[in-house]
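Next up, start-v6.csv (CSV, C-alpha atoms):
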chain,number,residue,atom,x,y,z
A,9,VAL,CA,-18.0,-14.2,-4.2
A,10,LEU,CA,-15.2,-16.7,-4.2
A,11,ASP,CA,-17.6,-19.6,-4.0
A,12,VAL,CA,-19.7,-18.7,-7.1
A,13,ALA,CA,-17.3,-16.6,-9.2
A,14,PRO,CA,-15.3,-19.5,-10.6
A,15,TYR,CA,-18.5,-21.1,-12.0
A,16,PHE,CA,-19.9,-17.9,-13.5
A,17,LEU,CA,-16.5,-16.9,-15.0
A,18,SER,CA,-15.4,-20.4,-16.0
A,19,ILE,CA,-12.3,-20.2,-13.8
A,20,SER,CA,-10.2,-23.3,-13.1
A,21,PRO,CA,-7.3,-23.7,-10.6
A,22,LEU,CA,-4.9,-23.3,-13.6
A,23,ASP,CA,-6.3,-19.7,-14.1
A,24,VAL,CA,-5.3,-18.6,-10.6
A,25,ASP,CA,-1.7,-17.4,-10.4
A,26,HIS,CA,-2.1,-15.5,-7.1
A,27,LEU,CA,-4.7,-13.9,-4.8
A,28,GLU,CA,-4.4,-10.5,-3.3
A,29,LEU,CA,-6.1,-8.4,-0.7
A,30,VAL,CA,-5.6,-4.6,-0.7
A,31,TYR,CA,-6.0,-2.3,2.3
A,32,ALA,CA,-6.2,1.3,1.1
A,33,PHE,CA,-6.1,4.5,3.2
A,34,ASP,CA,-6.6,8.1,1.8
A,35,PHE,CA,-5.6,11.2,3.6
A,36,ASP,CA,-6.8,14.7,2.7
A,37,CYS,CA,-3.7,16.7,2.5
A,38,SER,CA,-3.2,20.3,1.3
A,39,GLY,CA,0.1,21.5,0.2
A,40,ASN,CA,3.0,19.5,-1.1
A,41,ARG,CA,2.1,15.8,-0.4
A,42,ASP,CA,5.6,14.7,-1.4
A,43,GLU,CA,7.2,16.9,1.3
A,44,VAL,CA,4.7,15.5,3.8
A,45,VAL,CA,5.7,11.9,2.9
A,46,MET,CA,9.4,12.8,3.0
A,47,ASP,CA,9.1,14.5,6.4
A,48,ALA,CA,6.9,11.9,8.0
A,49,LEU,CA,8.4,8.7,6.7
A,50,LEU,CA,11.9,9.4,5.5
A,51,GLY,CA,12.9,12.4,7.7
A,52,GLY,CA,16.2,11.8,9.5
A,53,SER,CA,17.1,8.7,7.5
A,54,PRO,CA,20.0,8.6,5.1
A,55,LEU,CA,17.7,8.6,2.1
A,56,GLY,CA,15.6,11.4,3.5
A,57,ASP,CA,18.7,13.5,4.2
A,58,PHE,CA,19.6,13.3,0.5
A,59,ALA,CA,17.2,16.2,-0.1
A,60,GLU,CA,18.4,19.2,1.7
A,61,SER,CA,15.2,20.9,3.1
A,62,ALA,CA,16.8,24.4,3.1
A,63,THR,CA,17.5,24.5,-0.6
A,64,ASP,CA,15.6,21.6,-2.3
A,65,THR,CA,12.0,21.1,-3.1
A,66,VAL,CA,10.8,17.5,-3.1
A,67,ILE,CA,8.7,16.9,-6.2
A,68,ASP,CA,8.2,13.1,-6.0
A,69,SER,CA,8.4,11.0,-2.9
A,70,GLN,CA,6.4,7.8,-3.3
A,71,PRO,CA,8.0,5.0,-1.2
A,72,PHE,CA,7.4,1.4,-2.2
A,73,MET,CA,8.5,-1.7,-0.4
A,74,ALA,CA,7.9,-5.4,-0.9
A,75,ILE,CA,8.6,-8.2,1.6
A,76,ALA,CA,8.1,-11.9,2.0
A,77,LEU,CA,6.7,-12.9,5.3
A,78,SER,CA,9.1,-15.2,7.2
A,79,ASP,CA,6.3,-17.3,8.7
A,80,SER,CA,4.5,-17.7,5.3
A,81,PRO,CA,7.0,-17.4,2.4
A,82,GLU,CA,4.2,-17.7,-0.1
A,83,MET,CA,2.7,-14.5,1.3
A,84,HIS,CA,4.2,-11.3,-0.1
A,85,VAL,CA,3.4,-7.8,1.2
A,86,TYR,CA,3.6,-4.6,-0.8
A,87,LEU,CA,3.5,-1.2,0.8
A,88,GLU,CA,3.0,1.8,-1.5
A,89,VAL,CA,2.5,5.4,-0.7
A,90,LYS,CA,1.1,7.5,-3.6
A,91,THR,CA,1.1,11.2,-3.8
A,92,ARG,CA,-1.0,11.5,-7.0
A,93,LEU,CA,-0.8,14.4,-9.4
A,94,PRO,CA,-4.0,16.3,-9.7
A,95,ARG,CA,-5.8,15.4,-13.0
A,96,GLY,CA,-4.3,17.2,-16.0
A,97,GLU,CA,-1.4,18.6,-14.0
A,98,LEU,CA,1.9,18.0,-15.7
A,99,THR,CA,4.1,20.5,-13.8
A,100,ALA,CA,6.3,19.7,-10.9
A,101,SER,CA,4.0,21.3,-8.4
A,102,ARG,CA,2.0,18.7,-6.3
A,103,GLU,CA,-0.4,21.1,-4.6
A,104,GLY,CA,-4.1,20.2,-4.8
A,105,LEU,CA,-7.0,18.2,-3.5
A,106,GLU,CA,-6.1,14.7,-4.5
A,107,PRO,CA,-5.6,12.4,-1.5
A,108,LEU,CA,-2.3,11.0,-0.2
A,109,SER,CA,-2.9,7.3,-0.5
A,110,VAL,CA,-1.3,4.4,1.4
A,111,MET,CA,-1.9,0.9,0.1
A,112,LEU,CA,-1.0,-2.4,1.7
A,113,THR,CA,-1.3,-5.4,-0.6
A,114,VAL,CA,-1.1,-8.9,0.8
A,115,ARG,CA,-0.5,-11.5,-2.0
A,116,ARG,CA,-0.5,-15.2,-1.8
A,117,THR,CA,1.6,-16.6,-4.7
A,118,GLY,CA,1.7,-20.1,-6.1
A,119,PRO,CA,-0.8,-22.4,-7.6
A,120,VAL,CA,-4.2,-23.2,-6.2
A,121,LYS,CA,-5.0,-26.9,-6.1
A,122,SER,CA,-8.7,-26.6,-5.8
A,123,LEU,CA,-11.2,-23.8,-6.2
A,124,ALA,CA,-12.7,-24.9,-2.9
A,125,ASP,CA,-9.5,-23.7,-1.3
A,126,LEU,CA,-10.1,-20.0,-2.3
A,127,PRO,CA,-12.1,-19.0,0.8
A,128,THR,CA,-9.4,-20.6,3.0
A,129,HIS,CA,-6.7,-18.7,1.2
A,130,LEU,CA,-8.7,-15.4,1.5
A,131,ALA,CA,-9.1,-16.0,5.2
A,132,ALA,CA,-5.3,-16.4,5.5
A,133,LEU,CA,-4.7,-13.3,3.5
A,134,SER,CA,-7.1,-11.4,5.7
A,135,GLY,CA,-5.5,-12.6,8.9
A,136,HIS,CA,-2.0,-11.6,7.7
A,137,GLY,CA,-3.3,-8.3,6.4
A,138,GLU,CA,-5.2,-7.3,9.6
A,139,ARG,CA,-2.2,-8.2,11.7
A,140,LEU,CA,0.1,-6.1,9.5
A,141,VAL,CA,-2.3,-3.2,9.5
A,142,GLU,CA,-2.7,-3.2,13.3
A,143,GLN,CA,0.9,-3.9,14.3
A,144,ARG,CA,2.9,-2.2,11.6
A,145,LEU,CA,1.0,0.0,9.2
A,146,ILE,CA,-1.0,2.1,11.7
A,147,PRO,CA,1.8,2.9,14.2
A,148,ARG,CA,4.8,3.1,11.7
A,149,VAL,CA,3.2,4.7,8.6
A,150,LEU,CA,-0.3,6.0,9.1
A,151,MET,CA,0.2,7.7,12.4
A,152,PRO,CA,3.4,9.5,11.4
A,153,LEU,CA,1.6,10.7,8.2
A,154,ARG,CA,-1.5,11.8,10.2
A,155,GLU,CA,0.7,13.7,12.7
A,156,ARG,CA,2.6,15.5,9.9
A,157,ILE,CA,-0.6,16.4,8.1
A,158,ASP,CA,-2.1,17.8,11.3
A,159,ARG,CA,1.0,20.1,11.7
A,160,GLN,CA,0.2,21.9,8.4
Using the file provided, produce a representation of the structure as structure tokens.
Amino acid sequence: VLDVAPYFLSISPLDVDHLELVYAFDFDCSGNRDEVVMDALLGGSPLGDFAESATDTVIDSQPFMAIALSDSPEMHVYLEVKTRLPRGELTASREGLEPLSVMLTVRRTGPVKSLADLPTHLAALSGHGERLVEQRLIPRVLMPLRERIDRQ
């Protein structure tokens, strides 16, 4: 796609501000997805302790983090956990069948010198993304969420 899209869409290197690759994971989760995220990812931390579980109900817990990779400063990584509201629901309750989503976005910023470089940049994004998913996302985010959902 990266080889032919620039020609069909009349894209030049000046049109490319950044490239990104997104890894998305959805969990089926009944009950309050915000409490699941709070327990699994923030439980026991100073931020997680802000809500007192005995008296408070968590109505929105959607962590977001952005980092620049030290070995490739032009690579930025965005981690986002979404506890979507069911369609048409405007109340504070977050119960329903919508998935709990985790998205890891790897973005290469900066100009592209040549359109022929796009496949190489995508390969670099993919390499960083796969490494982050395997070494960080699965053990530190996805597994704790899965374990917490299994306890419901």
Need to verify the contact set: Leu133 of chain A, 8 Å, only C-alpha atoms, exclusion of same-chain residues closer than 2 positions in sequence. Can you return it as a list in words?
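Those residues are Glu28, Leu29, Met83, Val114, Arg115, Arg116, His129, Leu130, Ala131, Gly135, His136 and Gly137 of chain A.
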Could you check how far atom CA of Tyr86 of chain A sits from atom CA of Ser69 of chain A, in Å to one decimal?
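Taking atom CA of Tyr86 of chain A and atom CA of Ser69 of chain A, their separation equals 16.5 Å.
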Nearest residue to Val45 of chain A out of A:Val89, A:Ala124, A:Ala62, A:Val12, using only C-alpha atoms?
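Of all the options, A:Val89 lies closest to Val45 of chain A.
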Two-atom distance - atom CA of Arg41 of chain A, atom CA of Arg156 of chain A (Å)
10.3 Å
Return the single residue from A:Gly51, A:Pro71, A:Pro147, A:Gly56 that is closest to Leu108 of chain A, with distances computed using all atoms listed in the file.
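Looking at the shortest contact to Leu108 of chain A, the residue is A:Pro71.
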Within 12 Å of (0.2, 9.8, 10.0), in the coordinates the file gives, what residues turn up when you count only C-alpha atoms, written out as a VMD selection string?
chain A and resid 33 to 37 44 to 49 89 108 to 110 145 to 159
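Computed from the coordinates, the atom CA of Thr91 of chain A to atom CA of Ala59 of chain A distance equals 17.3 Å.
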